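Everything on this sheet refers to the single structure shown next.
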Amino acid sequence: MSTSSSSSSSSSSTGASAAAGGVTVPPASLTRSAVRRTSSLNSVIVHDLRLKLGSRDVKRPVLNGVDLQVRRGSLHMLLGPNGCGKSTLLKVLGGLLVPDSGLIDADQPSGFVFQNPDHQVVMPTVAADVAFGLGRYELTEEEVAAAVRSSLRLVNMEDFMYRATHTLSGGQRQRVAIAGALAEDPKLLLLDELTTFLDREDQFGVLGAVKNITSQRKDVTAIWVTHRFEELQFADAASYMENGRVVFTGTPDEAKAYMRKLGAPV
Ligand SMILES: Nc1ncnc2c1ncn2[C@@H]1O[C@H](COP(=O)(O)OP(=O)(O)OP(=O)(O)O)[C@@H](O)[C@H]1O
């Protein structure tokens, strides 16, 4: 099962079109061709993005003028200390939160996968789970079967198609969750700390799957939030956030050098 958004995310303080605080659910008649692309080589362009969160009376700035560019077809990692705004930025990119101001131009639709696969892998078998989100589109059985198979192939889980989901390891469940998102043909994959609870083998299995997706599908971009520095070796580029801003973007090696200067054990 996946969480997806097909809303346009070109937003400003007056022009945001996504629903605040919830998933944008496309109408039943939507075809999966509702693709929107930014005009450049970049899948994501964000400028001076600002968002305050909290209660009506007490709000505090969480995104503080974010600037970010992500190359289409890349695996882009987002790092930074706890509470710096990484998850919030992903939610804005996916249309789950509406910014107060700023510009976003991002390929759509987008698909989310979260830290805990138990919240997303809910069907009894792998195939049923990957097919779950497709129920809202007008697709034939053959089209659903083809989408399920090709999505599972991209995450190296085709052989598990008929397995009961409760028999899978944590990493296999994460790969099923990613396949569920992929089946809906997103152009932007938003992946929030998928490997936090995984052992090293599962961690690298999931990373390898995401790398495989962006290598095979140059129209799909993945933004991967992580605290685990060793994952940078899989990235095409990385950004570091602090206090609601992106303070560094560069190659994985440049990112490591930047974080070493901050005293991180990279
Ligand atoms: N709905 C909300 N209302 C109020 N504050 C919020 C809300 N959501 C997030 N915050 C606050 O915004 C800040 C950024 O949160 P966010 O989850 O984006 O950080 P993060 O960088 O992903 O952190 P972590 O690495 O710990 O997951 C935190 O201080 C958090 O408490």
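Identifiers in the structure tokens: chain A, B, ... in order shown; residue index from 1 per chain; ligand index from 1 in order shown.
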Enumerate as an mmCIF file with C-alpha atoms, in the first residue's frame the residues within 9 Å of ligand 1, counting only C-alpha atoms and all ligand atoms.
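File produced: selection.cif:
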```cif
data_model
loop_
_atom_site.group_PDB
_atom_site.id
_atom_site.type_symbol
_atom_site.label_atom_id
_atom_site.label_comp_id
_atom_site.auth_asym_id
_atom_site.auth_seq_id
_atom_site.Cartn_x
_atom_site.Cartn_y
_atom_site.Cartn_z
ATOM 1 C CA GLY A 21 -2.517 18.120 6.620
ATOM 2 C CA LYS A 52 5.457 27.911 10.608
ATOM 3 C CA LEU A 53 3.828 25.056 12.528
ATOM 4 C CA GLY A 54 2.155 24.744 15.896
ATOM 5 C CA SER A 55 -1.115 25.704 17.422
ATOM 6 C CA LYS A 59 3.502 28.877 15.869
ATOM 7 C CA ARG A 60 7.225 28.552 15.310
ATOM 8 C CA PRO A 61 9.206 28.632 12.088
ATOM 9 C CA VAL A 62 10.079 25.115 10.918
ATOM 10 C CA LEU A 63 11.125 25.906 7.346
ATOM 11 C CA LEU A 79 20.775 14.971 6.096
ATOM 12 C CA GLY A 80 20.816 17.154 9.184
ATOM 13 C CA PRO A 81 20.291 17.098 12.934
ATOM 14 C CA ASN A 82 17.030 16.040 14.609
ATOM 15 C CA GLY A 83 14.328 18.629 14.197
ATOM 16 C CA CYS A 84 16.024 20.633 11.418
ATOM 17 C CA GLY A 85 13.007 20.229 9.116
ATOM 18 C CA LYS A 86 13.830 17.306 6.801
ATOM 19 C CA SER A 87 10.500 15.471 7.163
ATOM 20 C CA THR A 88 8.568 18.725 6.985
ATOM 21 C CA LEU A 89 10.299 19.607 3.713
ATOM 22 C CA LEU A 90 9.384 16.185 2.284
ATOM 23 C CA LYS A 91 5.764 16.707 3.327
ATOM 24 C CA ASP A 192 11.759 9.295 4.948
ATOM 25 C CA GLU A 193 14.307 7.396 7.062
ATOM 26 C CA VAL A 225 16.166 11.403 4.264
ATOM 27 C CA THR A 226 18.714 9.715 6.498
ATOM 28 C CA HIS A 227 20.901 10.005 9.588
ATOM 29 C CA MET A 241 19.879 21.088 6.586
ATOM 30 C CA GLU A 242 20.149 23.145 9.745
ATOM 31 C CA ASN A 243 17.488 25.227 11.489
ATOM 32 C CA GLY A 244 14.958 24.933 8.682
#
```
Quick one: contact table of region 23-119 of chain A to region 182-189 of chain A, 7 Å max, nearest atom pair and distance in Å to one decimal per residue, counting only C-alpha atoms, chain and number order, as a tab-separated table?
```
residue	atom	partner	partner_atom	distance
A:Arg32	CA	A:Glu184	CA	6.8
A:Asp107	CA	A:Lys187	CA	5.9
A:Gln108	CA	A:Lys187	CA	5.5
A:Pro109	CA	A:Pro186	CA	4.9
A:Ser110	CA	A:Leu188	CA	4.5
A:Gly111	CA	A:Leu189	CA	5.0
A:Phe112	CA	A:Leu189	CA	6.1
```
Contacts of Thr249 (chain A) at 8 Å (only C-alpha atoms; same-chain gap of 6+ positions) as JSON, numbers by chain: {"A": [237, 238, 239, 240, 255]}
Output C-alpha atoms for every residue in the selection just made, as an mmCIF file, in the first residue's frame.
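Result written to part32.cif:
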```
data_model
loop_
_atom_site.group_PDB
_atom_site.id
_atom_site.type_symbol
_atom_site.label_atom_id
_atom_site.label_comp_id
_atom_site.auth_asym_id
_atom_site.auth_seq_id
_atom_site.Cartn_x
_atom_site.Cartn_y
_atom_site.Cartn_z
ATOM 1 C CA ALA A 237 24.112 14.290 -4.474
ATOM 2 C CA ALA A 238 23.381 15.341 -0.914
ATOM 3 C CA SER A 239 22.083 18.348 0.993
ATOM 4 C CA TYR A 240 22.559 19.209 4.648
ATOM 5 C CA ALA A 255 28.979 16.405 1.846
#
```
Leu93 (chain A) surroundings by only C-alpha atoms, 9 Å radius, close-in-sequence under 6 positions cut, as an MDAnalysis selection string: chainID A and resid 9 44 46 104:106 110 190
Between CA of Val66 (chain A) and CA of Val210 (chain A), distance in Å (one decimal): 24.9 Å
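Counting only C-alpha atoms, the residue from A:Tyr137, A:Phe229, A:Phe132, A:Phe234 that sits nearest to Ala181 (chain A) is A:Phe132.
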10 Å contact set for Val266 (chain A), only C-alpha atoms, chain neighbours under 2 positions out, as a PyMOL selection string: chain A and resi 228-230+232+255-261+263-264
Between CA of Gly73 (chain A) and CA of Glu231 (chain A) - distance in Å to one decimal: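 Interatomic distance here is 17.9 Å.
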